[in-house]
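Enquirer: Sharing model_24.cif, mmCIF, C-alpha atoms:
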data_data
#
loop_
_atom_site.label_atom_id
_atom_site.label_comp_id
_atom_site.auth_asym_id
_atom_site.auth_seq_id
_atom_site.Cartn_x
_atom_site.Cartn_y
_atom_site.Cartn_z
CA MET A 243 26.61 -27.80 -30.28
CA THR A 244 23.17 -26.39 -29.86
CA SER A 245 20.66 -26.95 -32.59
CA PRO A 246 17.74 -24.52 -33.06
CA GLN A 247 15.57 -27.37 -31.85
CA SER A 248 17.30 -27.63 -28.48
CA ILE A 249 17.33 -23.84 -28.02
CA LYS A 250 13.58 -23.83 -28.56
CA GLU A 251 13.17 -26.67 -26.08
CA LYS A 252 15.22 -24.84 -23.49
CA ALA A 253 13.12 -21.69 -23.94
CA LEU A 254 9.96 -23.74 -23.44
CA LEU A 255 11.42 -25.36 -20.35
CA ASP A 256 12.39 -21.96 -18.91
CA GLU A 257 8.91 -20.64 -19.63
CA GLU A 258 7.38 -23.58 -17.80
CA ARG A 259 9.63 -23.01 -14.78
CA VAL A 260 8.61 -19.32 -14.65
CA ARG A 261 4.96 -20.37 -14.77
CA ARG A 262 5.47 -22.90 -11.97
CA VAL A 263 7.04 -20.23 -9.76
CA GLU A 264 4.13 -17.85 -10.44
CA LEU A 265 1.64 -20.52 -9.45
CA MET A 266 3.68 -21.35 -6.35
CA ILE A 267 3.64 -17.71 -5.19
CA SER A 268 -0.09 -17.44 -5.87
CA GLN A 269 -0.70 -20.67 -3.96
CA LEU A 270 1.35 -19.49 -0.98
CA LEU A 271 -0.64 -16.25 -0.79
CA ARG A 272 -3.94 -18.16 -0.93
CA LEU A 273 -2.76 -20.49 1.81
CA GLY A 274 -1.67 -17.60 4.06
CA ILE A 275 -4.98 -15.81 3.55
CA ALA A 276 -7.12 -18.92 4.10
CA ALA A 277 -5.29 -19.82 7.32
CA SER A 278 -5.49 -16.30 8.76
CA LEU A 279 -9.15 -15.94 7.78
CA ALA A 280 -9.95 -19.24 9.51
CA LEU A 281 -8.10 -18.21 12.69
CA ILE A 282 -9.78 -14.77 12.75
CA ALA A 283 -13.23 -16.32 12.24
CA VAL A 284 -12.77 -19.02 14.90
CA GLY A 285 -11.30 -16.52 17.38
CA THR A 286 -14.10 -14.01 16.84
CA PHE A 287 -16.72 -16.75 17.21
CA MET A 288 -15.13 -17.93 20.46
CA SER A 289 -14.96 -14.45 21.97
CA PHE A 290 -18.66 -13.96 21.20
CA LEU A 291 -19.34 -17.34 22.80
CA HIS A 292 -17.44 -16.43 25.98
CA HIS A 293 -18.91 -12.95 26.22
CA PRO A 294 -22.66 -12.95 25.50
CA ASP A 295 -22.79 -9.24 26.35
CA TYR A 296 -20.98 -8.52 23.02
CA LEU A 297 -24.29 -9.34 21.37
CA SER A 298 -26.52 -7.24 23.60
CA SER A 299 -24.80 -4.29 25.28
CA SER A 300 -23.13 -1.30 23.67
CA ASP A 301 -20.80 -0.78 26.64
CA ALA A 302 -18.58 -3.66 25.54
CA LEU A 303 -18.02 -2.01 22.15
CA LEU A 304 -16.91 1.26 23.73
CA ARG A 305 -14.68 -0.54 26.21
CA LEU A 306 -12.94 -2.56 23.52
CA THR A 307 -12.46 0.05 20.81
CA ARG A 308 -11.63 3.23 22.76
CA PRO A 309 -8.08 4.42 23.53
CA GLY A 310 -6.63 2.46 26.42
CA ALA A 311 -8.62 -0.66 25.52
CA ALA A 312 -7.03 -3.83 26.90
CA PHE A 313 -5.93 -6.35 24.30
CA PRO A 314 -2.81 -8.50 23.94
CA HIS A 315 0.07 -6.91 22.05
CA THR A 316 3.16 -8.69 23.32
CA TRP A 317 4.26 -12.27 22.72
CA HIS A 318 3.75 -13.00 26.42
CA ASP A 319 0.10 -11.77 26.39
CA VAL A 320 -0.66 -13.73 23.26
CA ALA A 321 0.93 -16.92 24.60
CA SER A 322 -0.89 -16.81 27.93
CA GLY A 323 -4.14 -15.96 26.14
CA LEU A 324 -3.66 -18.92 23.84
CA SER A 325 -3.09 -21.37 26.67
CA ALA A 326 -6.39 -20.16 28.16
CA LEU A 327 -7.97 -20.57 24.68
CA ARG A 328 -9.07 -16.95 24.61
CA GLY A 329 -10.72 -15.92 21.37
CA GLN A 330 -8.86 -12.63 20.98
CA SER A 331 -5.47 -14.38 21.17
CA ILE A 332 -6.51 -16.68 18.33
CA VAL A 333 -7.62 -13.60 16.35
CA ILE A 334 -4.20 -12.04 16.94
CA ILE A 335 -2.37 -15.14 15.74
CA GLY A 336 -4.49 -14.87 12.58
CA LEU A 337 -3.58 -11.18 12.15
CA LEU A 338 0.12 -11.89 12.71
CA LEU A 339 0.00 -14.67 10.13
CA LEU A 340 -1.58 -12.20 7.70
CA ILE A 341 1.25 -9.72 8.39
CA ALA A 342 3.86 -12.45 7.87
CA THR A 343 2.43 -13.59 4.52
CA PRO A 344 4.17 -10.93 2.32
CA VAL A 345 7.48 -11.69 4.06
CA MET A 346 7.04 -15.41 3.34
CA ARG A 347 6.20 -14.45 -0.24
CA VAL A 348 9.60 -12.77 -0.60
CA ALA A 349 11.34 -15.79 0.94
CA VAL A 350 9.58 -18.20 -1.40
CA SER A 351 10.44 -15.97 -4.39
CA ILE A 352 14.14 -16.49 -3.58
CA LEU A 353 13.63 -20.24 -3.90
CA GLY A 354 11.72 -19.61 -7.12
CA PHE A 355 14.61 -17.70 -8.71
CA VAL A 356 17.08 -20.37 -7.58
CA TYR A 357 14.85 -22.93 -9.30
CA GLN A 358 14.82 -20.79 -12.46
CA GLY A 359 18.62 -20.63 -12.30
CA ASP A 360 18.47 -16.81 -12.24
CA ARG A 361 21.43 -15.74 -10.09
CA LEU A 362 20.89 -12.00 -10.47
CA PHE A 363 17.28 -12.13 -9.30
CA THR A 364 18.15 -14.57 -6.50
CA LEU A 365 20.55 -11.90 -5.25
CA ILE A 366 18.05 -9.04 -5.70
CA THR A 367 15.30 -10.87 -3.82
CA THR A 368 17.70 -11.90 -1.04
CA VAL A 369 18.63 -8.22 -0.58
CA VAL A 370 14.92 -7.36 -0.26
CA LEU A 371 14.41 -10.05 2.39
CA CYS A 372 17.47 -8.84 4.34
CA LEU A 373 16.22 -5.22 4.24
CA LEU A 374 12.79 -6.39 5.44
CA LEU A 375 14.26 -8.36 8.34
CA LEU A 376 16.50 -5.41 9.17
CA SER A 377 13.49 -3.09 9.42
CA PHE A 378 11.79 -5.60 11.76
CA ALA A 379 14.91 -5.73 13.91
CA LEU A 380 15.35 -1.95 14.02
CA GLY A 381 11.66 -1.39 14.69
CA LYS A 382 11.78 -3.47 17.87
CA VAL A 383 14.67 -1.48 19.33
CA GLU A 384 12.68 1.76 19.47
CA MET B 267 -10.20 10.61 21.39
CA ASN B 268 -11.64 12.64 18.55
CA ARG B 269 -12.42 16.06 19.99
CA HIS B 270 -15.11 16.87 17.46
CA PRO B 271 -17.13 13.71 16.97
CA SER B 272 -19.79 14.26 14.36
CA LEU B 273 -23.40 13.76 15.34
CA LEU B 274 -23.56 10.79 12.99
CA SER B 275 -20.61 9.00 14.57
CA ASN B 276 -22.09 9.46 18.03
CA LEU B 277 -25.33 7.92 16.87
CA VAL B 278 -23.54 5.07 15.17
CA THR B 279 -21.40 3.98 18.10
CA ALA B 280 -23.56 4.86 21.11
CA TYR B 281 -26.30 2.35 20.44
CA MET B 282 -24.39 -0.42 18.74
CA THR B 283 -23.33 -3.81 20.03
CA LEU B 284 -19.98 -5.33 19.08
CA LEU B 285 -21.69 -7.69 16.66
CA GLN B 286 -23.45 -4.86 14.80
CA PHE B 287 -20.19 -2.88 14.77
CA ASP B 288 -18.33 -5.90 13.32
CA LEU B 289 -20.91 -6.42 10.59
CA LEU B 290 -20.97 -2.74 9.57
CA ILE B 291 -17.16 -2.55 9.46
CA LEU B 292 -17.11 -5.77 7.46
CA LEU B 293 -19.35 -4.19 4.85
CA VAL B 294 -17.29 -0.99 4.59
CA SER B 295 -14.10 -3.07 4.37
CA VAL B 296 -15.39 -5.20 1.50
CA ILE B 297 -15.80 -1.97 -0.48
CA ALA B 298 -12.34 -0.77 0.63
CA GLY B 299 -10.76 -4.05 -0.51
CA LEU B 300 -12.58 -3.92 -3.83
CA PHE B 301 -11.40 -0.40 -4.69
CA GLY B 302 -7.97 -0.78 -3.12
CA SER B 303 -7.15 -3.90 -5.12
CA ILE B 304 -8.27 -2.37 -8.42
CA LEU B 305 -6.38 0.90 -7.94
CA GLY B 306 -3.24 -0.57 -6.35
CA LEU B 307 -3.57 1.80 -3.38
CA GLY B 308 -4.49 -0.61 -0.60
CA GLY B 309 -7.61 -0.25 1.53
CA GLY B 310 -6.34 2.56 3.77
CA ILE B 311 -7.82 5.43 1.78
CA ILE B 312 -11.32 4.18 2.65
CA VAL B 313 -10.65 2.40 5.97
CA ILE B 314 -9.08 5.36 7.83
CA PRO B 315 -11.78 7.97 7.09
CA ALA B 316 -14.57 5.44 7.63
CA LEU B 317 -13.25 4.33 11.02
CA THR B 318 -12.48 7.84 12.31
CA LEU B 319 -15.45 9.77 10.87
CA LEU B 320 -18.24 7.18 10.89
CA PHE B 321 -17.28 5.07 13.89
CA ASN B 322 -15.40 7.68 15.92
CA ILE B 323 -12.40 5.37 16.34
CA ASP B 324 -9.12 6.84 17.63
CA ILE B 325 -6.70 7.68 14.79
CA ARG B 326 -4.00 5.39 16.26
CA TYR B 327 -6.23 2.32 16.04
CA ALA B 328 -7.50 3.44 12.64
CA ILE B 329 -3.93 3.56 11.28
CA GLY B 330 -3.15 0.18 12.88
CA ALA B 331 -6.21 -1.35 11.19
CA SER B 332 -5.31 0.39 7.93
CA ILE B 333 -1.82 -1.17 7.89
CA VAL B 334 -3.47 -4.58 8.30
CA SER B 335 -5.93 -3.71 5.51
CA VAL B 336 -3.10 -2.80 3.10
CA ILE B 337 -1.43 -6.18 3.69
CA ALA B 338 -4.76 -7.97 3.33
CA THR B 339 -5.57 -6.17 0.05
CA SER B 340 -2.13 -6.87 -1.33
CA SER B 341 -2.00 -10.61 -0.59
CA SER B 342 -5.61 -11.33 -1.45
CA ALA B 343 -5.56 -9.58 -4.83
CA ALA B 344 -2.01 -10.66 -5.71
CA ALA B 345 -3.01 -14.32 -5.48
CA THR B 346 -5.15 -13.68 -8.58
CA TYR B 347 -3.07 -10.99 -10.34
CA VAL B 348 0.07 -13.16 -10.23
CA ARG B 349 -1.80 -16.21 -11.52
CA GLU B 350 -3.22 -14.15 -14.41
CA ARG B 351 0.18 -12.58 -15.12
CA MET B 352 -1.13 -9.06 -14.59
CA THR B 353 1.64 -8.42 -12.03
CA ASN B 354 5.12 -7.96 -13.44
CA LEU B 355 7.01 -10.00 -10.84
CA ARG B 356 10.47 -9.03 -12.06
CA VAL B 357 9.70 -5.30 -12.01
CA ALA B 358 8.20 -5.72 -8.52
CA MET B 359 11.27 -7.52 -7.15
CA VAL B 360 13.70 -4.94 -8.56
CA LEU B 361 11.67 -1.99 -7.27
CA GLU B 362 11.20 -3.56 -3.83
CA VAL B 363 14.94 -3.09 -3.22
CA ALA B 364 14.32 0.68 -3.54
CA THR B 365 11.07 0.81 -1.54
CA THR B 366 12.38 -1.22 1.41
CA SER B 367 15.62 0.77 1.64
CA GLY B 368 13.57 3.96 1.32
CA ALA B 369 11.28 2.84 4.16
CA LEU B 370 14.32 2.20 6.34
CA THR B 371 15.68 5.67 5.58
CA GLY B 372 12.26 7.18 6.32
CA ALA B 373 12.00 5.51 9.70
CA TYR B 374 15.50 6.81 10.49
CA LEU B 375 14.67 10.36 9.36
CA ALA B 376 11.40 10.50 11.30
CA GLY B 377 11.57 13.28 13.85
CA HIS B 378 14.33 15.12 11.99
CA LEU B 379 12.19 16.58 9.25
CA SER B 380 9.23 18.93 9.21
CA VAL B 381 6.25 16.74 8.38
CA ARG B 382 4.16 19.75 7.32
CA TRP B 383 6.47 20.57 4.43
CA LEU B 384 6.51 16.94 3.37
CA TYR B 385 2.73 16.95 3.12
CA VAL B 386 2.88 20.09 0.96
CA ILE B 387 5.65 18.74 -1.29
CA PHE B 388 3.97 15.38 -1.85
CA GLY B 389 0.56 16.97 -2.20
CA VAL B 390 1.94 19.06 -5.08
CA MET B 391 3.78 16.05 -6.52
CA MET B 392 0.65 13.90 -6.53
CA GLY B 393 -1.45 16.71 -7.98
CA TYR B 394 1.05 17.08 -10.82
CA SER B 395 1.14 13.30 -11.37
CA SER B 396 -2.63 13.11 -11.61
CA LEU B 397 -2.58 15.87 -14.23
CA MET B 398 0.10 14.09 -16.28
CA MET B 399 -1.71 10.79 -15.99
CA PHE B 400 -4.93 12.43 -17.14
CA ARG B 401 -3.17 13.78 -20.23
CA LYS B 402 -2.14 10.24 -21.17
CA ARG B 403 -5.76 9.02 -21.22
CA HIS B 404 -6.07 8.79 -25.03
CA GLU B 405 -2.93 6.72 -25.42
CA THR B 406 -3.91 3.12 -25.80
CA THR B 407 -0.84 1.36 -27.09
CA THR B 408 2.51 3.02 -26.82
CA VAL B 409 5.19 1.94 -29.25
CA MET B 410 8.37 2.59 -27.34
CA VAL B 411 11.53 3.13 -29.31
CA LYS B 412 13.54 4.55 -26.42
CA SER B 413 16.52 2.35 -25.53
CA ALA B 414 16.38 0.71 -22.13
CA PRO B 415 19.70 -0.92 -21.22
CA TRP B 416 18.78 -1.69 -17.59
CA ALA B 417 15.38 -3.13 -18.43
CA ASP B 418 16.97 -5.20 -21.22
CA TYR B 419 19.62 -6.54 -18.86
CA LEU B 420 17.11 -7.33 -16.10
CA ARG B 421 14.63 -8.74 -18.68
CA LEU B 422 11.73 -6.63 -17.41
CA HIS B 423 9.73 -6.43 -20.66
CA SER B 424 6.62 -8.55 -20.66
CA SER B 425 3.02 -8.88 -21.78
CA TYR B 426 -0.42 -9.37 -20.27
CA PHE B 427 -3.84 -10.48 -21.44
CA ASP B 428 -6.39 -7.65 -21.45
CA ARG B 429 -9.85 -9.13 -20.86
CA ALA B 430 -11.60 -5.89 -21.76
CA THR B 431 -10.27 -5.97 -25.33
CA GLY B 432 -9.54 -9.69 -25.59
CA GLN B 433 -5.95 -9.03 -26.69
CA GLU B 434 -2.50 -9.95 -25.49
CA VAL B 435 -0.68 -6.64 -24.88
CA SER B 436 3.12 -6.62 -25.13
CA TYR B 437 4.97 -3.80 -23.43
CA ARG B 438 8.50 -2.53 -22.99
CA VAL B 439 9.78 -1.12 -19.71
CA VAL B 440 11.97 2.01 -19.82
CA SER B 441 13.72 4.36 -17.36
CA THR B 442 14.41 1.71 -14.74
CA ARG B 443 16.87 3.97 -12.89
CA ILE B 444 14.36 6.83 -12.64
CA GLY B 445 11.78 4.30 -11.48
CA LEU B 446 14.15 3.06 -8.78
CA GLY B 447 14.77 6.65 -7.62
CA LEU B 448 11.03 7.40 -7.43
CA MET B 449 10.39 4.14 -5.55
CA TYR B 450 13.08 5.04 -3.06
CA ILE B 451 11.27 8.35 -2.45
CA ALA B 452 7.94 6.48 -2.17
CA GLY B 453 9.55 4.23 0.45
CA VAL B 454 10.91 7.21 2.40
CA VAL B 455 7.45 8.82 2.41
CA SER B 456 5.73 5.69 3.68
CA GLY B 457 8.38 5.28 6.37
CA LEU B 458 8.01 8.93 7.41
CA LEU B 459 4.32 9.66 7.10
CA GLY B 460 2.97 6.13 7.47
CA ILE B 461 0.71 6.63 4.46
CA GLY B 462 0.18 4.05 1.76
CA SER B 463 2.81 4.68 -0.87
CA GLY B 464 0.70 3.20 -3.66
CA ALA B 465 -0.30 6.75 -4.61
CA LEU B 466 3.34 7.39 -5.58
CA LYS B 467 4.13 3.90 -6.93
CA VAL B 468 1.43 3.76 -9.60
CA PRO B 469 2.31 7.17 -11.20
CA ALA B 470 6.03 6.26 -11.14
CA MET B 471 5.39 3.04 -13.05
CA ASP B 472 2.85 4.63 -15.37
CA LEU B 473 4.62 7.91 -16.20
CA ALA B 474 8.33 7.07 -15.91
CA MET B 475 8.60 3.36 -16.63
CA ARG B 476 5.71 3.30 -19.12
CA LEU B 477 4.02 0.17 -17.80
CA PRO B 478 0.39 -0.24 -18.91
CA ILE B 479 -2.00 1.16 -16.28
CA LYS B 480 -3.41 -2.27 -15.40
CA VAL B 481 0.08 -3.69 -14.90
CA SER B 482 1.03 -0.61 -12.85
CA THR B 483 -1.87 -0.96 -10.40
CA ALA B 484 -1.48 -4.76 -10.16
CA THR B 485 2.28 -4.47 -9.56
CA SER B 486 1.84 -1.65 -7.03
CA ASN B 487 -0.79 -3.76 -5.30
CA PHE B 488 1.74 -6.60 -5.12
CA MET B 489 4.47 -4.37 -3.65
CA ILE B 490 2.51 -2.41 -1.00
CA GLY B 491 2.06 -5.55 1.12
CA VAL B 492 5.80 -5.85 1.65
CA THR B 493 6.19 -2.15 2.51
CA ALA B 494 3.31 -2.35 5.00
CA ALA B 495 4.52 -5.63 6.54
CA ALA B 496 7.86 -3.95 7.33
CA SER B 497 6.14 -1.44 9.62
CA ALA B 498 3.24 -3.62 10.85
CA GLY B 499 5.44 -5.37 13.41
CA VAL B 500 6.24 -2.05 15.06
CA TYR B 501 2.58 -1.02 15.14
CA PHE B 502 1.66 -4.33 16.77
CA MET B 503 4.32 -4.04 19.49
CA ARG B 504 3.25 -0.47 20.19
CA GLY B 505 -0.29 -1.70 20.80
CA ASP B 506 -1.88 0.11 17.83
CA ILE B 507 -3.50 -2.98 16.34
CA ASP B 508 -6.74 -3.53 18.26
CA PRO B 509 -7.98 -7.03 17.31
CA TYR B 510 -11.60 -6.01 17.84
CA ILE B 511 -11.22 -3.42 15.08
CA ALA B 512 -8.59 -5.08 12.89
CA ALA B 513 -10.37 -8.45 12.68
CA PRO B 514 -13.55 -7.27 10.90
CA VAL B 515 -11.44 -4.91 8.74
CA ALA B 516 -9.08 -7.71 7.66
CA THR B 517 -11.95 -10.11 6.95
CA GLY B 518 -13.91 -7.62 4.85
CA VAL B 519 -10.87 -6.41 2.93
CA LEU B 520 -9.76 -9.98 2.15
CA ILE B 521 -13.18 -10.68 0.64
CA GLY B 522 -13.33 -7.40 -1.32
CA ALA B 523 -9.80 -7.76 -2.65
CA ALA B 524 -10.50 -11.32 -3.79
CA LEU B 525 -13.34 -9.96 -5.95
CA GLY B 526 -11.52 -6.84 -7.20
CA PRO B 527 -9.13 -8.47 -9.71
CA HIS B 528 -12.02 -10.15 -11.54
CA LEU B 529 -13.72 -6.78 -11.94
CA MET B 530 -10.49 -5.07 -12.99
CA GLY B 531 -9.91 -7.53 -15.83
CA HIS B 532 -13.11 -6.34 -17.50
CA LEU B 533 -12.48 -2.62 -16.95
CA HIS B 534 -11.14 -0.65 -19.90
CA SER B 535 -7.71 0.84 -19.30
CA THR B 536 -9.05 4.34 -20.00
CA THR B 537 -11.81 3.93 -17.39
CA LEU B 538 -9.33 2.61 -14.83
CA ARG B 539 -7.06 5.57 -15.55
CA LYS B 540 -9.89 8.09 -15.05
CA ILE B 541 -10.92 6.53 -11.73
CA PHE B 542 -7.31 6.47 -10.56
CA VAL B 543 -6.68 10.09 -11.55
CA SER B 544 -9.78 11.28 -9.64
CA VAL B 545 -8.78 9.39 -6.49
CA LEU B 546 -5.19 10.64 -6.73
CA LEU B 547 -6.46 14.21 -7.04
CA ILE B 548 -8.54 13.80 -3.86
CA ILE B 549 -5.53 12.37 -1.99
CA SER B 550 -3.30 15.23 -3.14
CA VAL B 551 -5.82 17.86 -1.97
CA GLN B 552 -6.10 16.09 1.40
CA MET B 553 -2.32 16.10 1.77
CA LEU B 554 -2.06 19.77 0.84
CA LEU B 555 -4.73 20.66 3.40
CA LYS B 556 -2.91 18.67 6.08
CA GLY B 557 0.31 20.50 5.27
CA VAL B 558 -1.27 23.95 5.22
CA ARG B 559 -3.37 23.49 8.36
CA GLY B 560 -0.52 21.78 10.19
#
As structure tokens, please, write out the structure in this file.

Expert:
Amino acid sequence: MTSPQSIKEKALLDEERVRRVELMISQLLRLGIAASLALIAVGTFMSFLHHPDYLSSSDALLRLTRPGAAFPHTWHDVASGLSALRGQSIVIIGLLLLIATPVMRVAVSILGFVYQGDRLFTLITTVVLCLLLLSFALGKVE
Amino acid sequence: MNRHPSLLSNLVTAYMTLLQFDLLILLVSVIAGLFGSILGLGGGIIVIPALTLLFNIDIRYAIGASIVSVIATSSSAAATYVRERMTNLRVAMVLEVATTSGALTGAYLAGHLSVRWLYVIFGVMMGYSSLMMFRKRHETTTVMVKSAPWADYLRLHSSYFDRATGQEVSYRVVSTRIGLGLMYIAGVVSGLLGIGSGALKVPAMDLAMRLPIKVSTATSNFMIGVTAAASAGVYFMRGDIDPYIAAPVATGVLIGAALGPHLMGHLHSTTLRKIFVSVLLIISVQMLLKGVRG
């Protein structure tokens, strides 16, 4: 037995759950952005601190932004740079966190649809996450 | 290295320090984030030409920085668009199945297809889309009577609050299957050509699925981050993401894209449509030229 009253209450409850999920996704994105911005800013500040010539000479700019410029782009480089507290490695961690944020958004959306009790959309979002992870995996092989 | 550096770009980079370079790029990127987040195209359309033409940066690093800028635009603006219910989350999730599988196909096809012809085909397609979108400019509210079994089943219909008119606008979504097909193509293109697929996503949602223009750009903006993230890992491993370039780009774009959604709320749909159509026309001409010149 479902009275019109209880149907209305259920609709309101559903609506509130949808709203909560929206706010959760928005919050996650803000968190990801804030953390990566902080890492990028701290890393940039540190590399300026370690290399005063970045503020005075134009050679450094050419060296660092021309083809063949040396900067970490493997996990090993980043890890060893981090242990030496190098600014550019901190910047890279910030950039990688930024890249990972949309992927985390998809993962959190799955939880959101589970919470809403929406099986179809839980499935759809899980497929998206699997395809994303697959493209990461295939990309590395090349 | 760019073989024909313009006089301007030589002047800009030859006498600059890294700090001045960072600050200038930051400024350009704020503008890129602002426009990218309003139009749902990502920051790449401004970041790539600015880096290569003004700062004489190698195209590889410019594309690497542009991928980062697309992700930054998407996440930064989506935080606000989702909160304000401008993004249609359900439409985005459904269409992401098509864009991600398209991107996978594109990466697989790369090297097997003539890229020149692709540029010509998509240049023509975008030119046609911009024309069709321009013709729709006088439509304000569309009363859709067309049946939409897929959209009904997936519960895609929704509404948003338009700040420019102060009204809640309800809309119905139609042609979900055509939308999925177009998104698959958009995914293939971004996997193949590495260009931001927002220029195909927005027209598909606007023309085929009949989403309001503001919802189309906000939803496209939401989706492009996922498409770009899928390829960003590869670019990083390949060494195309130079932190000295990507860091100021990401910072500026994050700031610009945080401001964009507030501006977009106050824009009239017709104005937004006109700006979008003009930008799409420029992109289509650029693509045609690339295809013709080879």

Enquirer: I need the chain B residues near chain A as number ranges by chain; criterion: at most 6 Å, counting all atoms listed in the file.

Expert: B: 281-285, 341, 345, 349, 363, 491-492, 495-496, 500, 503, 505

Enquirer: I'd like the interatomic distance between atom CA of B:Asp428 and atom CA of B:Ile479, to a tenth of an Å.

Expert: 11.1 Å

Enquirer: For the PyMOL selection byres ((chain B and resi 443-449) around 7), applied here, can you spell out every residue it catches as a PyMOL selection string?

Expert: chain B and resi 361+364-365+441-442+450-453+467+470-471+474-475

Enquirer: Can you turn the PyMOL selection byres ((chain A and resi 358) around 9) into a concrete residue list for this file, as a ChimeraX atom specification?

Expert: /A:256,259-260,263,353-357,359-361

Enquirer: Generate a file of the selected residues that holds C-alpha atoms, formatted as a short mmCIF file (atom, residue, chain, number, x, y, z; two decimals), keeping the file's coordinate frame.

Expert:
data_model
loop_
_atom_site.label_atom_id
_atom_site.label_comp_id
_atom_site.auth_asym_id
_atom_site.auth_seq_id
_atom_site.Cartn_x
_atom_site.Cartn_y
_atom_site.Cartn_z
CA ASP A 256 12.39 -21.96 -18.91
CA ARG A 259 9.63 -23.01 -14.78
CA VAL A 260 8.61 -19.32 -14.65
CA VAL A 263 7.04 -20.23 -9.76
CA LEU A 353 13.63 -20.24 -3.90
CA GLY A 354 11.72 -19.61 -7.12
CA PHE A 355 14.61 -17.70 -8.71
CA VAL A 356 17.08 -20.37 -7.58
CA TYR A 357 14.85 -22.93 -9.30
CA GLY A 359 18.62 -20.63 -12.30
CA ASP A 360 18.47 -16.81 -12.24
CA ARG A 361 21.43 -15.74 -10.09
#

Enquirer: What separation in Å, quoted to one decimal, exists between atom CA of A:His292 and atom CA of B:Thr517?

Expert: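 Value for the atom CA of A:His292-atom CA of B:Thr517 distance: 20.8 Å.
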
Enquirer: Figure out the distance between atom CA of A:Leu327 and atom CA of A:Arg305, please, to one decimal in Å.

Expert: 21.2 Å

Enquirer: So what does the PyMOL selection byres ((chain B and resi 308) around 10) actually pick up in this one, as a JSON list (two decimals) with C-alpha atoms, in the coordinates of the input?

Expert:
[["chain", "number", "residue", "atom", "x", "y", "z"],
["B", 298, "ALA", "CA", -12.34, -0.77, 0.63],
["B", 299, "GLY", "CA", -10.76, -4.05, -0.51],
["B", 300, "LEU", "CA", -12.58, -3.92, -3.83],
["B", 301, "PHE", "CA", -11.40, -0.40, -4.69],
["B", 302, "GLY", "CA", -7.97, -0.78, -3.12],
["B", 303, "SER", "CA", -7.15, -3.90, -5.12],
["B", 304, "ILE", "CA", -8.27, -2.37, -8.42],
["B", 305, "LEU", "CA", -6.38, 0.90, -7.94],
["B", 306, "GLY", "CA", -3.24, -0.57, -6.35],
["B", 307, "LEU", "CA", -3.57, 1.80, -3.38],
["B", 309, "GLY", "CA", -7.61, -0.25, 1.53],
["B", 310, "GLY", "CA", -6.34, 2.56, 3.77],
["B", 311, "ILE", "CA", -7.82, 5.43, 1.78],
["B", 312, "ILE", "CA", -11.32, 4.18, 2.65],
["B", 313, "VAL", "CA", -10.65, 2.40, 5.97],
["B", 332, "SER", "CA", -5.31, 0.39, 7.93],
["B", 333, "ILE", "CA", -1.82, -1.17, 7.89],
["B", 334, "VAL", "CA", -3.47, -4.58, 8.30],
["B", 335, "SER", "CA", -5.93, -3.71, 5.51],
["B", 336, "VAL", "CA", -3.10, -2.80, 3.10],
["B", 337, "ILE", "CA", -1.43, -6.18, 3.69],
["B", 338, "ALA", "CA", -4.76, -7.97, 3.33],
["B", 339, "THR", "CA", -5.57, -6.17, 0.05],
["B", 340, "SER", "CA", -2.13, -6.87, -1.33],
["B", 343, "ALA", "CA", -5.56, -9.58, -4.83],
["B", 462, "GLY", "CA", 0.18, 4.05, 1.76],
["B", 463, "SER", "CA", 2.81, 4.68, -0.87],
["B", 464, "GLY", "CA", 0.70, 3.20, -3.66],
["B", 465, "ALA", "CA", -0.30, 6.75, -4.61],
["B", 486, "SER", "CA", 1.84, -1.65, -7.03],
["B", 487, "ASN", "CA", -0.79, -3.76, -5.30],
["B", 488, "PHE", "CA", 1.74, -6.60, -5.12],
["B", 490, "ILE", "CA", 2.51, -2.41, -1.00],
["B", 491, "GLY", "CA", 2.06, -5.55, 1.12],
["B", 494, "ALA", "CA", 3.31, -2.35, 5.00],
["B", 519, "VAL", "CA", -10.87, -6.41, 2.93],
["B", 523, "ALA", "CA", -9.80, -7.76, -2.65]]

Enquirer: Using all atoms listed in the file, which residue out of A:Pro294, A:Leu281, A:Glu257, A:Ser248 lies closest to A:Leu339?

Expert: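 Nearest candidate to A:Leu339 out of A:Pro294, A:Leu281, A:Glu257, A:Ser248: A:Leu281.
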
Enquirer: For each of B:Ile297, B:Val545, B:Ala331, B:Asp506, take the minimum atom-to-atom distance to B:Ile521, counting only C-alpha atoms, then give the residue where this is smallest.

Expert: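 Using only C-alpha atoms, B:Ile521 sits closest to B:Ile297.
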